[in-house]
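See below for the structure under consideration.
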Amino acid sequence: MTTLQLENIVKRYKNHTVLDHLSLDVKDGETLVLFGPSGAGKSVLLRLIAGVIDAEEGRILIGGEDMTDVDAEHRGIGMAFQNFALFPHMDAFENIATPLEAKRSSADTIKAGVHRVAKLLKIDHVLTHRPKALSNGQKQRTALARALAGSPPLLLLDDPLRNVDAKLRFEMRLELPRVLAAQGATVVYVTQDYKEAMALGDRIAVMSEGRIRQIGTPEDIYNAPADIDIARLFGDPTINLLDVKPNAEADGVSVLLSDVRIVLPGIPANAAGKACVLGLRPEALSFVPAGTPGAIPVTVEAETPLNEKTVTLALTVRGREILVSRPAGTPGPASGSAHIAVDGANAFLFDKQTGALIARHGSHTGTQGEAA
Amino acid sequence: METTSTLEKTLRLLALTLVVIFFMFPIFWIFLMSFQTNETILRIPPQVIFEPTLSNYTALITGKLTSAAGTLDIAFMKNLGNSVFLSVTSVALALVLGVPAAYAFARHKFKGSEDIAFTLLSFRFAPPLLVLLPLTQYFQWLGLANTYIGLIWVYQLICLPLILWIVRGYFEDISADVEYAYRIAGHSWFATFRRIALPLAGPGIAAAGLLAFIFAWNNFVFALVLASADKQPVTVGALAFVTSSGIQYGQIAAAIVLSVTPTLALALYAQRYLVEGLSLGAVKG
């Protein structure tokens with residue numbers, strides 16, 4: 001275990017700034033997920049930490065020690081790559097053994113070390129195979145095993161589940177926390193899959209365009225996304241976003257949805273009259289019988305079963321689309337007209353112009369990223 | 001298709017046979033010539049059936065050429081030895097210099113790296129004779145004229161750009177992540193070059209080496225100008241068969257057979273390395 005500090009990292013390619021004064025603190029033993037769309041600079045950042053590419057500006061500290069100018073082989077890092085990056089001319093055993101060989105361990109130590117991680121990742125039966133003869137899942141496990149073999153205090157995982165099929169990805173998502181816990185390393189994990197980020201991260205750093213937009217626990221980010229983009233990235237189906245113009249109320253503000261007044265408690269009164277976007281998570285909405293106070297009349301357009309939940313597409317009187325999800329198997333609305341209850345306390349309000357979340361009084365909104 | 005008709009098979013075989021005959025006939029004819037005397041070769045009409053003789057080969061190997069005008073000393077075996085020595089050492093030197101340079105050009109983009117790489121390639125654009133005239137002067141001042149070192153040096157004009165540019169492409173095809181992975185595992189850049197980059201570019205290096213060898217072997221004009229009789233390779237040595245008393249077709253044919261054999265054997269041997277896949281399914285499948 002160790003800590004990792006990045007201070008004001010800047011990386012440019014020609015005139016394009018890939019990382020823009022990025023700072024990040026990873027705590028001892030923590031699993032930090034770097035989450036963001038492709039092109040956000042996640043992989044570049046990981047390679048910078050690993051030391052295979054250099055930053056133009058900034059410092060990298062591992063365990064409090066300045067590693068900015070230290071060569072990759074002396075940083076004591078384990079890394080797994082999205083495309084596995086196995087050595088094609090070596091069998092799985094030799095691949096996994098490379099970090100141990102670098103430490104000039106004895107043959108017995110190497111053998112014991114390789115078998116330890118191979119067992120952990122359930123690939124001890126394919127150790128004599130070359131990468132060519134391994135299935136994608138086995139390649140990915142071999143790549144992980146190689147990253148783990150040297151027991152590095154800092155582990156960098158670059159979207160390791162990207163190139164395996166959905167079933168394997170699901171399996172690994174369950175298995176990885178156990179493997180990482182057994183290793184006891186500090187982990188930086190890159191992914192583009194919000195479910196993976198939520199499942200694996202102690203904290204998530206949301207990146208876009210070379211900056212960290214928000215950093216916090218998965219709950220923080222889900223319950224208080226810093227802006228519209230982040231709200232849109234987390235959640236399946238995607239959050240409902242509706243243009244509204246709030247009115248001032250005694251406690252907070254209210255918005256009108258199909259002429260039904262919804263009170264958003266705790267929103268500062270200065271939001272009143274501004275162009276805003278109302279964010280409603282599909283799972284925060286529910287169908288209620290007609291006549292329930294505060295219910296919004298809608299027409300049911302379509303229903304899609306999505307494994308563990310069913311998603312309904314509904315249209316408001318004014319033709320705005322709203323997605324509502326409910327656990328699969330629970331009774332749904334009759335087709336045609338229905339009513340939706342909206343809980344104002346669970347709704348988000350964003351400034352339409354800046355996209356930023358309008359925070360509520362006295363509520364926890366998560367740690368804002370330095371660059372946010 | 002599994003169900004290829006017999007007709008299609010026959011036609012395909014016929015087409016292949018025609019192509020093979022077209023390309024192999026001159027070599028086959030030379031092979032036949034090498035076992036005939038000048039008289040049988042020059043017979044009109046030419047005949048495929050003849051009494052084979054080994055006299056051409058014995059003449060080459062003993063170095064005594066007996067003709068109507070008397071005996072003549074030829075240094076064919078010495079020439080063959082020169083060819084082997086010059087080609088092997090030139091290619092070896094070009095590999096030692098060219099492979100690390102190719103790696104540098106492939107992996108480290110430094111200021112002016114493209115210009116340097118292109119300049120090295122441009123050596124091959126210049127007509128050799130144009131380069132040779134001033135070079136002969138310089139070599140005489142430097143005392144390099146008619147030396148093996150001088151010849152090997154000049155042969156780098158042929159071998160080095162070839163190896164540099166072919167091998168560079170192979171290095172560039174290796175995923176940078178594969179090398180990063182080895183570095184991060186705790187190995188120095190030199191160990192990464194030796195144990196990852198070199199083996200993975202192996203087929204490319206073999207192909208480039210083979211091509212460079214063939215080019216060096218077939219070179220004529222450099223050796224013609226810069227070397228005297230005792231340093232000349234077979235390409236130049238073959239001129240000795242054009243004697244005042246006529247052209248010794250039989251010996252020329254035998255000389256060709258002997259001088260083609262090493263390159264042919266090398267090509268056949270290296271073939272399996274050349275076709276071997278490059279990345280061997282290392283990255284995602």
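Ordering of the structure tokens sets the chain letters (A, B, ...); residue numbers start at 1 within each chain; ligands are numbered from 1 in the order shown.
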Filtered DSSP result for segment 19-200 of chain B, state helix (DSSP H, G or I), as a ChimeraX atom specification: /B:19-33,38-41,55-62,76-107,113-122,128-142,148-173,176-184,189-200
Neighbours of chain B in chain A at 6 Å, counting only C-alpha atoms, as a VMD selection string: chain A and resid 72 to 73 83 85 to 86 88 99 102 131 to 132
Write the residues of the selection above to a file with N, CA and C atoms, as a PDB file, in the first residue's frame.
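Saved file selection-v3.pdb follows:
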```pdb
ATOM      1  N   ALA A  72      10.432   4.330 -15.371  1.00  0.00           N
ATOM      2  CA  ALA A  72       9.289   3.447 -15.125  1.00  0.00           C
ATOM      3  C   ALA A  72       9.680   2.207 -14.323  1.00  0.00           C
ATOM      4  N   GLU A  73      10.869   1.644 -14.622  1.00  0.00           N
ATOM      5  CA  GLU A  73      11.214   0.367 -13.992  1.00  0.00           C
ATOM      6  C   GLU A  73      11.554   0.512 -12.514  1.00  0.00           C
ATOM      7  N   ASN A  83      -5.626  -3.436 -23.855  1.00  0.00           N
ATOM      8  CA  ASN A  83      -5.435  -4.425 -24.922  1.00  0.00           C
ATOM      9  C   ASN A  83      -4.542  -5.579 -24.450  1.00  0.00           C
ATOM     10  N   ALA A  85      -1.688  -6.322 -23.782  1.00  0.00           N
ATOM     11  CA  ALA A  85      -0.239  -6.111 -23.969  1.00  0.00           C
ATOM     12  C   ALA A  85       0.593  -7.276 -23.444  1.00  0.00           C
ATOM     13  N   LEU A  86       0.157  -8.491 -23.736  1.00  0.00           N
ATOM     14  CA  LEU A  86       0.950  -9.658 -23.339  1.00  0.00           C
ATOM     15  C   LEU A  86       2.136  -9.804 -24.281  1.00  0.00           C
ATOM     16  N   PRO A  88       3.883 -11.825 -26.786  1.00  0.00           N
ATOM     17  CA  PRO A  88       3.397 -12.950 -27.600  1.00  0.00           C
ATOM     18  C   PRO A  88       4.362 -14.108 -27.692  1.00  0.00           C
ATOM     19  N   PRO A  99       7.694  -9.504 -13.815  1.00  0.00           N
ATOM     20  CA  PRO A  99       8.015  -8.570 -12.720  1.00  0.00           C
ATOM     21  C   PRO A  99       8.898  -9.219 -11.658  1.00  0.00           C
ATOM     22  N   ALA A 102      12.521  -9.342 -12.832  1.00  0.00           N
ATOM     23  CA  ALA A 102      13.170  -8.038 -12.723  1.00  0.00           C
ATOM     24  C   ALA A 102      13.745  -7.827 -11.326  1.00  0.00           C
ATOM     25  N   PRO A 131       0.067 -16.597 -25.458  1.00  0.00           N
ATOM     26  CA  PRO A 131      -1.110 -15.730 -25.567  1.00  0.00           C
ATOM     27  C   PRO A 131      -2.041 -16.108 -26.729  1.00  0.00           C
ATOM     28  N   LYS A 132      -1.432 -16.549 -27.839  1.00  0.00           N
ATOM     29  CA  LYS A 132      -2.217 -16.910 -29.023  1.00  0.00           C
ATOM     30  C   LYS A 132      -3.252 -17.994 -28.696  1.00  0.00           C
TER      31      LYS A 132
END
```
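Across the model, the gap from atom CA of Thr192 of chain B to atom CA of Gly209 of chain B is 21.8 Å.
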Atom CA of Thr310 of chain A to atom CA of Ala284 of chain A, straight-line distance in Å: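 Taking atom CA of Ala284 of chain A and atom CA of Thr310 of chain A, their separation equals 13.4 Å.
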Contacts of segment 33-35 of chain B within 8 Å, only C-alpha atoms, excl. fewer than 6 positions in-chain, as a VMD selection string: chain B and resid 41 52 to 57 249 to 254 257
Spatial neighbours of Asp165 of chain A, max dist 12 Å, only C-alpha atoms, sep filter under 3 positions, as a PyMOL selection string: (chain A and resi 135-138+140+160-162+168-172) or (chain B and resi 284-285)
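With only C-alpha atoms as the atoms that count, the residue of B:Thr17, B:Ser87, B:Ser122, B:Thr147 with the shortest distance to Trp165 of chain B is B:Ser122.
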Which of segment 53-186 of chain B fall in strand (DSSP E), as a list in words: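 Taking segment 53-186 of chain B and keeping strand (DSSP E) gives Lys64, Leu65, Thr66, Ser67, Gly70, Thr71, Leu72 and Asp73 of chain B.
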Selection above as a file: C-alpha atoms, as a short mmCIF file (atom, residue, chain, number, x, y, z; two decimals), in the first residue's frame:
```cif
data_model
loop_
_atom_site.label_atom_id
_atom_site.label_comp_id
_atom_site.auth_asym_id
_atom_site.auth_seq_id
_atom_site.Cartn_x
_atom_site.Cartn_y
_atom_site.Cartn_z
CA LYS B 64 42.40 -24.03 -64.87
CA LEU B 65 40.43 -23.13 -67.95
CA THR B 66 41.49 -25.22 -70.93
CA SER B 67 40.38 -23.96 -74.29
CA GLY B 70 45.59 -22.93 -74.34
CA THR B 71 45.04 -22.88 -70.59
CA LEU B 72 43.94 -19.85 -68.65
CA ASP B 73 43.97 -19.25 -64.91
#
```
Applying 9 Å and only C-alpha atoms, which residues near Lys78 of chain B remain after dropping the ones on its own chain fewer than 5 positions away? List them as a PDB file with N, CA and C atoms, in the first residue's frame.
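So the final result, stored in around.pdb, reads:
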```pdb
ATOM      1  N   SER B  83      32.772 -13.064 -52.504  1.00  0.00           N
ATOM      2  CA  SER B  83      31.347 -12.746 -52.470  1.00  0.00           C
ATOM      3  C   SER B  83      30.751 -13.087 -51.124  1.00  0.00           C
ATOM      4  N   ASP B 230      41.972  -9.689 -56.901  1.00  0.00           N
ATOM      5  CA  ASP B 230      41.954 -10.586 -55.745  1.00  0.00           C
ATOM      6  C   ASP B 230      40.837 -10.278 -54.745  1.00  0.00           C
ATOM      7  N   LYS B 231      40.182  -9.099 -54.872  1.00  0.00           N
ATOM      8  CA  LYS B 231      39.110  -8.758 -53.940  1.00  0.00           C
ATOM      9  C   LYS B 231      37.730  -8.846 -54.608  1.00  0.00           C
ATOM     10  N   GLN B 232      37.701  -9.236 -55.897  1.00  0.00           N
ATOM     11  CA  GLN B 232      36.448  -9.148 -56.630  1.00  0.00           C
ATOM     12  C   GLN B 232      35.482 -10.296 -56.308  1.00  0.00           C
ATOM     13  N   PRO B 233      34.198  -9.965 -56.240  1.00  0.00           N
ATOM     14  CA  PRO B 233      33.174 -11.009 -56.058  1.00  0.00           C
ATOM     15  C   PRO B 233      32.839 -11.686 -57.381  1.00  0.00           C
ATOM     16  N   VAL B 234      31.996 -12.689 -57.352  1.00  0.00           N
ATOM     17  CA  VAL B 234      31.680 -13.453 -58.564  1.00  0.00           C
ATOM     18  C   VAL B 234      31.087 -12.610 -59.664  1.00  0.00           C
TER      19      VAL B 234
END
```
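Neighbours of Ser259 of chain B closer than or equal to 8 Å, with only C-alpha atoms counted and sequence neighbours fewer than 4 positions away skipped, come out as B:Leu80, B:Val234, B:Ala255, B:Thr263.
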Polymer residues at most 7 Å from Phe348 of chain A, only C-alpha atoms, same-chain spacing of 5 or more positions, as a ChimeraX atom specification: /A:278-280
